[in-house]
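Raw start-v9.cif, mmCIF, C-alpha atoms and all ligand atoms:
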```
data_my_file
loop_
_atom_site.label_atom_id
_atom_site.label_comp_id
_atom_site.auth_asym_id
_atom_site.auth_seq_id
_atom_site.Cartn_x
_atom_site.Cartn_y
_atom_site.Cartn_z
CA MET A 21 -110.32 30.18 -27.75
CA MET A 22 -112.75 29.86 -24.84
CA ASN A 23 -116.45 29.92 -25.75
CA LYS A 24 -118.61 32.35 -23.79
CA ASP A 25 -120.45 29.42 -22.19
CA ALA A 26 -117.30 27.45 -21.35
CA LYS A 27 -117.22 26.09 -17.81
CA ILE A 28 -114.41 27.96 -16.07
CA PHE A 29 -113.10 27.33 -12.56
CA ILE A 30 -111.30 30.23 -10.87
CA ALA A 31 -109.25 29.05 -7.92
CA GLU A 32 -109.79 31.10 -5.89
CA HIS A 33 -111.98 34.13 -6.34
CA GLU A 34 -111.67 36.07 -3.09
CA GLY A 35 -108.09 37.32 -3.43
CA MET A 36 -106.93 40.35 -5.41
CA ILE A 37 -106.22 38.47 -8.65
CA GLY A 38 -109.11 36.01 -8.48
CA ALA A 39 -111.67 38.74 -7.78
CA ALA A 40 -110.35 40.85 -10.67
CA LEU A 41 -110.47 37.79 -12.95
CA ILE A 42 -114.12 37.18 -12.11
CA ARG A 43 -114.98 40.83 -12.75
CA TYR A 44 -113.12 40.74 -16.03
CA LEU A 45 -114.57 37.44 -17.27
CA LYS A 46 -118.12 38.52 -16.44
CA THR A 47 -117.66 41.83 -18.27
CA ALA A 48 -116.33 39.91 -21.26
CA GLY A 49 -119.56 37.84 -21.31
CA PHE A 50 -118.43 34.56 -19.71
CA ASP A 51 -121.31 33.34 -17.56
CA ASN A 52 -120.49 29.75 -16.64
CA LEU A 53 -117.97 30.48 -13.90
CA ILE A 54 -117.40 28.12 -11.00
CA THR A 55 -116.18 29.59 -7.74
CA LYS A 56 -115.81 28.00 -4.35
CA SER A 57 -115.05 29.85 -1.18
CA LEU A 58 -112.29 28.34 0.91
CA SER A 59 -114.82 27.11 3.44
CA GLN A 60 -116.66 25.23 0.65
CA LEU A 61 -113.55 23.68 -0.89
CA ASP A 62 -110.24 23.29 0.93
CA LEU A 63 -107.74 23.32 -1.92
CA THR A 64 -105.09 21.68 0.26
CA ASN A 65 -107.32 18.62 0.72
CA GLN A 66 -106.48 16.04 -1.92
CA ASN A 67 -109.69 14.06 -1.62
CA ASP A 68 -111.98 17.09 -1.69
CA VAL A 69 -110.23 18.55 -4.75
CA ARG A 70 -110.39 15.21 -6.55
CA LYS A 71 -114.14 14.85 -5.88
CA PHE A 72 -114.75 18.45 -6.91
CA PHE A 73 -113.01 18.02 -10.29
CA LEU A 74 -114.70 14.73 -11.10
CA ARG A 75 -118.13 16.14 -10.20
CA GLU A 76 -117.84 19.56 -11.86
CA GLU A 77 -115.63 18.70 -14.86
CA PRO A 78 -114.55 22.27 -15.60
CA GLU A 79 -113.17 22.92 -19.08
CA TYR A 80 -110.77 25.68 -18.10
CA VAL A 81 -108.93 26.41 -14.84
CA PHE A 82 -107.25 29.61 -13.67
CA LEU A 83 -104.94 28.57 -10.83
CA ALA A 84 -104.81 32.06 -9.38
CA THR A 85 -104.38 31.24 -5.74
CA ALA A 86 -101.26 31.15 -3.64
CA GLU A 87 -100.21 31.35 -0.08
CA GLU A 88 -97.94 34.35 -0.35
CA GLY A 89 -96.71 37.55 1.21
CA GLY A 90 -94.10 40.28 1.16
CA ILE A 91 -90.44 40.07 2.02
CA LEU A 92 -90.79 39.55 5.80
CA ALA A 93 -93.64 37.04 5.47
CA ASN A 94 -91.47 35.05 3.09
CA ILE A 95 -88.76 34.85 5.75
CA ALA A 96 -91.05 34.27 8.74
CA TYR A 97 -93.41 31.73 7.17
CA SER A 98 -91.15 29.86 4.76
CA ALA A 99 -92.42 26.43 5.91
CA ASP A 100 -96.10 27.42 5.52
CA LEU A 101 -95.39 28.86 2.09
CA ILE A 102 -93.63 25.84 0.64
CA TYR A 103 -95.99 23.29 2.22
CA THR A 104 -99.30 24.96 1.37
CA ASN A 105 -98.35 25.99 -2.15
CA LEU A 106 -97.03 22.55 -3.04
CA GLN A 107 -100.25 20.98 -1.75
CA ILE A 108 -102.60 23.34 -3.59
CA GLN A 109 -100.71 23.11 -6.88
CA ALA A 110 -100.25 19.37 -6.76
CA ASN A 111 -103.96 18.83 -6.15
CA LEU A 112 -105.23 21.27 -8.76
CA ILE A 113 -102.80 20.37 -11.55
CA HIS A 114 -103.06 16.62 -11.11
CA PHE A 115 -106.85 16.43 -10.82
CA ALA A 116 -107.32 18.93 -13.64
CA TRP A 117 -105.57 16.32 -15.78
CA GLU A 118 -107.69 13.47 -14.39
CA ALA A 119 -110.85 15.45 -15.09
CA LYS A 120 -109.68 16.15 -18.67
CA VAL A 121 -109.53 19.94 -18.29
CA LYS A 122 -108.88 21.48 -21.73
CA LYS A 123 -106.51 24.14 -20.48
CA LEU A 124 -105.09 25.32 -17.17
CA LEU A 125 -103.26 28.57 -16.45
CA PHE A 126 -100.78 28.42 -13.56
CA LEU A 127 -99.37 31.56 -11.96
CA GLY A 128 -95.67 31.54 -11.14
CA SER A 129 -93.81 34.51 -9.65
CA SER A 130 -90.87 36.68 -10.67
CA CYS A 131 -88.94 35.36 -7.64
CA ILE A 132 -88.36 32.09 -9.56
CA TYR A 133 -85.43 33.78 -11.34
CA PRO A 134 -81.90 33.75 -9.87
CA LYS A 135 -80.89 36.44 -7.38
CA PHE A 136 -78.29 37.92 -9.70
CA CYS A 137 -80.20 37.32 -12.91
CA PRO A 138 -79.23 39.57 -15.85
CA GLN A 139 -81.86 42.30 -16.16
CA PRO A 140 -84.41 42.34 -17.64
CA MET A 141 -85.06 38.72 -16.69
CA ASN A 142 -85.69 36.50 -19.68
CA GLU A 143 -87.71 33.27 -19.54
CA GLU A 144 -84.52 31.36 -20.45
CA ALA A 145 -82.93 32.36 -17.10
CA LEU A 146 -85.05 29.90 -15.10
CA LEU A 147 -82.83 27.51 -13.09
CA THR A 148 -79.56 29.14 -14.18
CA GLY A 149 -78.47 30.31 -10.70
CA SER A 150 -79.14 30.44 -6.96
CA LEU A 151 -82.35 32.03 -5.70
CA GLU A 152 -82.72 35.08 -3.47
CA PRO A 153 -82.64 33.59 0.09
CA THR A 154 -85.53 35.76 1.40
CA ASN A 155 -88.01 34.00 -0.89
CA GLU A 156 -86.36 30.71 -1.74
CA ALA A 157 -89.04 28.44 -0.21
CA TYR A 158 -91.86 30.19 -2.07
CA ALA A 159 -89.85 30.26 -5.29
CA ILE A 160 -89.08 26.54 -5.10
CA ALA A 161 -92.81 25.79 -4.72
CA LYS A 162 -93.59 27.95 -7.75
CA ILE A 163 -90.84 26.30 -9.81
CA ALA A 164 -92.28 22.90 -8.84
CA GLY A 165 -95.69 24.07 -10.11
CA ILE A 166 -94.21 25.10 -13.45
CA LYS A 167 -92.35 21.81 -13.79
CA MET A 168 -95.48 19.88 -12.83
CA CYS A 169 -97.46 21.60 -15.61
CA GLN A 170 -94.69 20.85 -18.10
CA ALA A 171 -94.41 17.22 -16.97
CA HIS A 172 -98.17 16.74 -17.41
CA ASN A 173 -97.99 18.30 -20.87
CA LYS A 174 -95.19 15.91 -21.80
CA GLN A 175 -96.56 12.71 -20.33
CA HIS A 176 -100.30 13.31 -20.70
CA ASP A 177 -100.50 15.74 -23.60
CA THR A 178 -102.31 18.39 -21.53
CA ASN A 179 -102.29 22.12 -22.31
CA PHE A 180 -101.20 23.61 -18.97
CA ILE A 181 -99.47 26.98 -19.32
CA SER A 182 -97.36 28.89 -16.79
CA VAL A 183 -97.47 32.66 -16.58
CA ILE A 184 -94.84 34.62 -14.64
CA PRO A 185 -96.27 37.83 -13.20
CA THR A 186 -94.20 40.71 -11.97
CA ASN A 187 -95.29 42.32 -8.65
CA ILE A 188 -99.08 42.80 -8.99
CA TYR A 189 -100.97 45.45 -7.01
CA GLY A 190 -104.45 46.94 -6.87
CA PRO A 191 -107.80 46.81 -5.02
CA ARG A 192 -108.20 43.92 -2.55
CA ASP A 193 -104.45 43.63 -2.03
CA ASN A 194 -103.28 42.60 1.43
CA PHE A 195 -102.77 45.76 3.54
CA ASP A 196 -101.50 44.00 6.67
CA LEU A 197 -98.17 45.69 7.42
CA LYS A 198 -96.48 42.52 8.64
CA THR A 199 -97.27 40.37 5.62
CA SER A 200 -97.99 42.72 2.72
CA HIS A 201 -95.91 43.69 -0.29
CA VAL A 202 -94.40 47.13 -0.58
CA ILE A 203 -97.22 49.04 -2.38
CA PRO A 204 -100.11 48.28 0.00
CA ALA A 205 -97.74 48.69 2.96
CA LEU A 206 -96.65 52.15 1.88
CA ILE A 207 -100.17 53.28 0.94
CA ARG A 208 -101.30 52.35 4.42
CA LYS A 209 -98.26 53.83 6.18
CA PHE A 210 -98.53 57.16 4.35
CA HIS A 211 -102.30 57.32 4.82
CA GLU A 212 -102.05 56.63 8.55
CA ALA A 213 -99.17 59.07 9.01
CA LYS A 214 -101.21 61.79 7.29
CA ALA A 215 -104.33 61.00 9.32
CA GLY A 216 -102.33 60.90 12.57
CA LYS A 217 -100.41 64.08 11.63
CA LYS A 218 -97.09 62.27 11.97
CA GLY A 219 -94.00 63.91 10.52
CA GLU A 220 -92.32 60.82 9.06
CA VAL A 221 -92.84 57.43 7.43
CA THR A 222 -90.42 54.52 7.73
CA ILE A 223 -89.49 52.64 4.56
CA TRP A 224 -87.78 49.25 4.90
CA GLY A 225 -84.28 48.73 3.51
CA THR A 226 -82.08 51.17 1.66
CA GLY A 227 -84.61 52.34 -0.94
CA THR A 228 -82.21 51.34 -3.74
CA PRO A 229 -83.73 47.98 -4.86
CA ARG A 230 -85.61 48.27 -8.12
CA ARG A 231 -88.98 46.66 -8.74
CA GLU A 232 -91.51 46.47 -11.55
CA PHE A 233 -95.25 46.75 -10.80
CA LEU A 234 -98.32 45.85 -12.84
CA TYR A 235 -101.90 46.89 -12.02
CA VAL A 236 -104.16 43.88 -11.40
CA ASP A 237 -106.68 44.77 -14.17
CA ASP A 238 -103.88 44.75 -16.73
CA PHE A 239 -102.67 41.45 -15.37
CA VAL A 240 -106.03 39.68 -15.64
CA ASP A 241 -106.43 41.10 -19.14
CA ALA A 242 -103.10 39.41 -19.95
CA CYS A 243 -104.27 36.11 -18.38
CA LEU A 244 -107.38 36.02 -20.53
CA PHE A 245 -105.32 36.92 -23.58
CA LEU A 246 -102.93 34.02 -22.86
CA MET A 247 -105.74 31.57 -22.15
CA ASN A 248 -107.03 32.38 -25.64
CA ASN A 249 -103.76 32.74 -27.53
CA TYR A 250 -100.84 30.92 -25.92
CA ASN A 251 -100.43 27.15 -26.09
CA GLN A 252 -96.77 26.46 -25.39
CA PRO A 253 -95.24 24.61 -22.44
CA GLY A 254 -92.53 27.29 -21.98
CA ILE A 255 -93.12 29.93 -19.30
CA ILE A 256 -94.12 33.46 -20.34
CA ASN A 257 -93.44 36.71 -18.44
CA VAL A 258 -96.14 39.32 -17.87
CA GLY A 259 -94.87 42.68 -16.65
CA TYR A 260 -95.14 46.40 -17.18
CA GLY A 261 -91.77 46.63 -18.91
CA LYS A 262 -90.26 49.37 -16.70
CA ASP A 263 -88.91 49.38 -13.15
CA ILE A 264 -88.55 52.00 -10.42
CA SER A 265 -86.47 52.22 -7.23
CA ILE A 266 -88.23 51.75 -3.88
CA LYS A 267 -87.29 55.34 -3.00
CA GLU A 268 -88.90 56.66 -6.19
CA LEU A 269 -91.95 54.51 -5.50
CA ALA A 270 -92.19 55.88 -1.95
CA LEU A 271 -92.03 59.45 -3.29
CA MET A 272 -94.81 58.67 -5.76
CA ILE A 273 -97.02 57.18 -3.02
CA LYS A 274 -96.25 60.20 -0.84
CA GLU A 275 -97.64 62.37 -3.61
CA VAL A 276 -100.69 60.17 -4.26
CA THR A 277 -101.62 60.13 -0.56
CA GLU A 278 -100.73 63.84 -0.15
CA PHE A 279 -98.54 63.13 2.86
CA ASP A 280 -96.42 66.08 3.85
CA GLY A 281 -93.47 64.77 5.84
CA LYS A 282 -90.13 62.98 5.77
CA LEU A 283 -89.08 59.51 4.60
CA ILE A 284 -86.83 57.47 6.93
CA PHE A 285 -85.01 54.40 5.55
CA ASP A 286 -84.68 51.53 8.05
CA GLU A 287 -81.59 49.69 6.84
CA THR A 288 -81.98 46.96 9.46
CA LYS A 289 -84.79 45.57 7.26
CA PRO A 290 -83.85 43.43 4.22
CA ASP A 291 -83.68 44.75 0.65
CA GLY A 292 -84.26 41.38 -1.03
CA MET A 293 -83.39 41.09 -4.71
CA PRO A 294 -81.36 44.09 -5.86
CA ASN A 295 -83.27 44.28 -9.16
CA LYS A 296 -86.37 42.61 -10.48
CA LEU A 297 -87.51 43.56 -13.98
CA LEU A 298 -89.06 41.05 -16.37
CA ASP A 299 -88.12 40.83 -20.02
CA VAL A 300 -91.54 41.20 -21.64
CA SER A 301 -90.44 40.82 -25.27
CA LYS A 302 -92.16 37.43 -25.68
CA MET A 303 -95.50 38.88 -24.55
CA SER A 304 -95.02 42.06 -26.62
CA ALA A 305 -94.33 39.94 -29.71
CA LEU A 306 -97.75 38.33 -29.22
CA GLY A 307 -99.26 41.84 -29.36
CA TRP A 308 -100.17 42.40 -25.68
CA ARG A 309 -99.44 45.69 -23.87
CA PRO A 310 -100.43 47.03 -20.42
CA LYS A 311 -102.71 50.08 -20.32
CA ILE A 312 -102.50 51.44 -16.78
CA ASN A 313 -99.35 53.26 -15.69
CA LEU A 314 -98.05 53.16 -12.12
CA ARG A 315 -99.26 56.64 -11.12
CA GLU A 316 -102.78 55.86 -12.36
CA GLY A 317 -102.82 52.40 -10.73
CA LEU A 318 -101.62 53.79 -7.39
CA GLY A 319 -104.36 56.43 -7.51
CA ARG A 320 -107.03 53.80 -8.15
CA THR A 321 -105.66 51.56 -5.38
CA TYR A 322 -105.60 54.45 -2.90
CA GLU A 323 -109.21 55.36 -3.78
CA TRP A 324 -110.26 51.78 -3.12
CA PHE A 325 -108.38 51.73 0.20
CA LYS A 326 -110.02 54.97 1.37
CA LYS A 327 -113.48 53.77 0.32
CA LYS A 328 -112.99 50.57 2.27
CA LEU A 329 -112.00 52.52 5.36
CA SER A 330 -114.88 54.95 5.07
CA LEU A 331 -117.40 52.14 4.67
CA LYS A 332 -116.07 50.94 8.01
CA LYS A 333 -116.04 47.45 6.60
CA LYS A 334 -113.09 45.21 7.24
CA ALA A 335 -110.27 47.23 5.74
CA LEU A 336 -108.22 44.15 5.05
CA PRO A 337 -109.33 41.47 2.65
CA LYS A 338 -109.38 38.04 4.21
CA LYS A 339 -106.12 36.24 3.61
CA TYR A 340 -106.04 32.67 2.50
CA ASN A 341 -105.14 31.44 5.95
CA THR A 342 -103.05 32.46 8.89
CA LEU A 343 -100.46 34.74 7.29
O1 LIG B 1 -92.84 43.89 -2.02
P1 LIG B 1 -91.81 43.27 -1.14
O2 LIG B 1 -92.24 42.88 0.22
O3 LIG B 1 -91.21 41.97 -1.79
O4 LIG B 1 -90.60 44.30 -1.00
P2 LIG B 1 -90.08 41.60 -2.87
C1 LIG B 1 -90.06 45.01 -2.08
C2 LIG B 1 -89.01 45.99 -1.58
O5 LIG B 1 -89.67 47.07 -0.87
C3 LIG B 1 -87.99 45.40 -0.60
C4 LIG B 1 -89.01 47.29 0.37
O6 LIG B 1 -86.73 45.94 -0.90
C5 LIG B 1 -88.50 45.90 0.74
O7 LIG B 1 -87.47 45.99 1.72
N1 LIG B 1 -89.95 47.90 1.34
C6 LIG B 1 -89.86 49.15 1.84
C7 LIG B 1 -91.02 47.32 1.90
N2 LIG B 1 -90.82 49.39 2.73
C8 LIG B 1 -91.57 48.25 2.80
C9 LIG B 1 -92.71 47.89 3.58
O8 LIG B 1 -93.23 48.64 4.40
N3 LIG B 1 -93.22 46.64 3.35
C10 LIG B 1 -92.67 45.77 2.44
N4 LIG B 1 -93.23 44.56 2.26
N5 LIG B 1 -91.55 46.09 1.73
C11 LIG B 1 -91.54 39.51 -3.18
C12 LIG B 1 -91.50 38.16 -2.55
O9 LIG B 1 -90.28 40.06 -2.96
O10 LIG B 1 -91.81 39.49 -4.53
C13 LIG B 1 -92.64 37.33 -2.93
O11 LIG B 1 -91.47 38.35 -1.14
C14 LIG B 1 -93.00 37.45 -4.39
O12 LIG B 1 -92.27 36.03 -2.68
C15 LIG B 1 -93.00 38.86 -4.89
O13 LIG B 1 -92.08 36.72 -5.16
C16 LIG B 1 -93.17 38.95 -6.40
O14 LIG B 1 -90.36 42.26 -4.19
O15 LIG B 1 -88.72 41.83 -2.32
#
```
Give the structure from this file in structure tokens form.
Ligand code: GFB
Amino acid sequence: MMNKDAKIFIAEHEGMIGAALIRYLKTAGFDNLITKSLSQLDLTNQNDVRKFFLREEPEYVFLATAEEGGILANIAYSADLIYTNLQIQANLIHFAWEAKVKKLLFLGSSCIYPKFCPQPMNEEALLTGSLEPTNEAYAIAKIAGIKMCQAHNKQHDTNFISVIPTNIYGPRDNFDLKTSHVIPALIRKFHEAKAGKKGEVTIWGTGTPRREFLYVDDFVDACLFLMNNYNQPGIINVGYGKDISIKELALMIKEVTEFDGKLIFDETKPDGMPNKLLDVSKMSALGWRPKINLREGLGRTYEWFKKKLSLKKKALPKKYNTL
């Protein structure tokens, strides 16, 4: 159990998950949080990360940063994704051990499971089949991170846990149409079509793939819960427990944004994994449940998006680097 004055490093705090974690930890009364903007600490730089850990000696680390993107970014930037993620993870996990960090929470991704994994995807399915080619490079980096945590636990007796999130969405998501995931992309497309009085919105793929989505506030609540209650080397899934087809999702976003037009499905764009639903029974058995349903979470995300636009600030949160 983390004390309220425990020294906690959140790497990094400017993205959707990191920012929500900071908000959540502060509300829960934690006041000894260490954050570093990417210009202050380059997480890909081995020497800088080593010096940072030895100087600051954090007690807890949330490794909530990743170079990542949606389906097309995963195809277009596969080299960047595998290289940068391996560097960041290797630095943070290894030097967290050197600096005697009490506990580290590493974020995996649901794309670590095989392409044709039985649904819902159980933790035991890791490394039982080939990966979905559209996100293989990213998935391999994430699997390496999990294995690195487990190897440190084995050899050095650390307590480094790996959490597997389903698709997370919410305020501060990436709304860049070329690199974003499906929810921010569709919110933006529907909003712009409505504003521009266009009659149609184009959805990538066939609309038949099924995905599971979890609102970011629920996810960070789960992370804190696991930091306090879960001490096993085995991975643990965190999801909403229900999936929806991309077509159903698009219809829901159409309703949330009050767009009044047609949906066009562009089948020249990839579908990716046919199904992606996590088996959340391990997490449920520990007593954790999500609170925010998809309709509610989409509404909150759309409100945030509109507020950002109306403030005429940068509508898009800064991405980690060039993606
Ligand atoms: O969210 P997404 O990009 O990634 O796409 P994945 C989910 C589904 O939505 C795919 C469809 O079937 C897309 O073809 N889709 C429809 C769209 N319209 C759009 C659109 O305008 N933009 C986007 N992006 N998709 C990710 C991986 O896979 O899952 C990441 O790329 C990560 O590596 C994440 O693992 C959890 O769900 O297919």
Exercise for the section: Using all atoms listed in the file, determine which residues fall within 6 Å of ligand LIG 1 (chain B), then list them as JSON, numbers by chain. Expected result: {"A": [89, 90, 91, 94, 129, 130, 131, 155, 158, 186, 187, 200, 201, 202, 205, 206, 223, 224, 225, 229, 266, 290, 291, 292, 293]}
Practice task
Please return, as number ranges by chain, all polymer residues that have at least one atom within 6 Å of the point (-89.8, 23.8, -1.7); use only C-alpha atoms and the file's own coordinate frame.
Solution key: A: 102, 157, 160-161
Problem - Near-Asp193 in chain A list (12 Å; all atoms listed in the file; drop same-chain fewer than 4 positions) as a PyMOL selection string - result: chain A and resi 34-40+88-90+187-189+197+199-205+207-208+235-236+318+321-322+324-325+328+335-340
Completion exercise
Using only C-alpha atoms, the best pick from A:Leu124, A:Ala171, A:Ala110, A:Ile284 as closest to Asn65 in chain A would be A:Ala110
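The environment of range 269-283 of chain A within 8 Å, counting only C-alpha atoms and disregarding residues fewer than 4 places along the same chain, consists of A:Leu206, A:Ile207, A:Phe210, A:His211, A:Ala213, A:Lys214, A:Lys218, A:Gly219, A:Glu220, A:Val221, A:Thr222, A:Ile223, A:Ile264, A:Ser265, A:Arg315, A:Leu318, A:Gly319, A:Tyr322.
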Could you name the residues that touch Tyr80 in chain A at 6 Å or less, counting only C-alpha atoms, but leaving out those on the same chain fewer than 3 positions away, as a tab-separated table (two decimals) with C-alpha atoms, keeping the file's coordinate frame?
```tsv
chain	number	residue	atom	x	y	z
A	28	ILE	CA	-114.41	27.96	-16.07
A	121	VAL	CA	-109.53	19.94	-18.29
A	122	LYS	CA	-108.88	21.48	-21.73
A	123	LYS	CA	-106.51	24.14	-20.48
A	124	LEU	CA	-105.09	25.32	-17.17
```
Exercise for the section: Have a look at CA of Gly128 in chain A and CA of Lys162 in chain A and let me know their distance in Å, one decimal. Expected result: 5.4 Å
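Across A:Ser330, A:Gln109, A:Gln139, A:Thr228, the tightest approach to Phe285 in chain A is made by A:Thr228 when counting all atoms listed in the file.
For the pair CA of Leu314 in chain A and CA of Thr47 in chain A, the interatomic distance is 23.5 Å.
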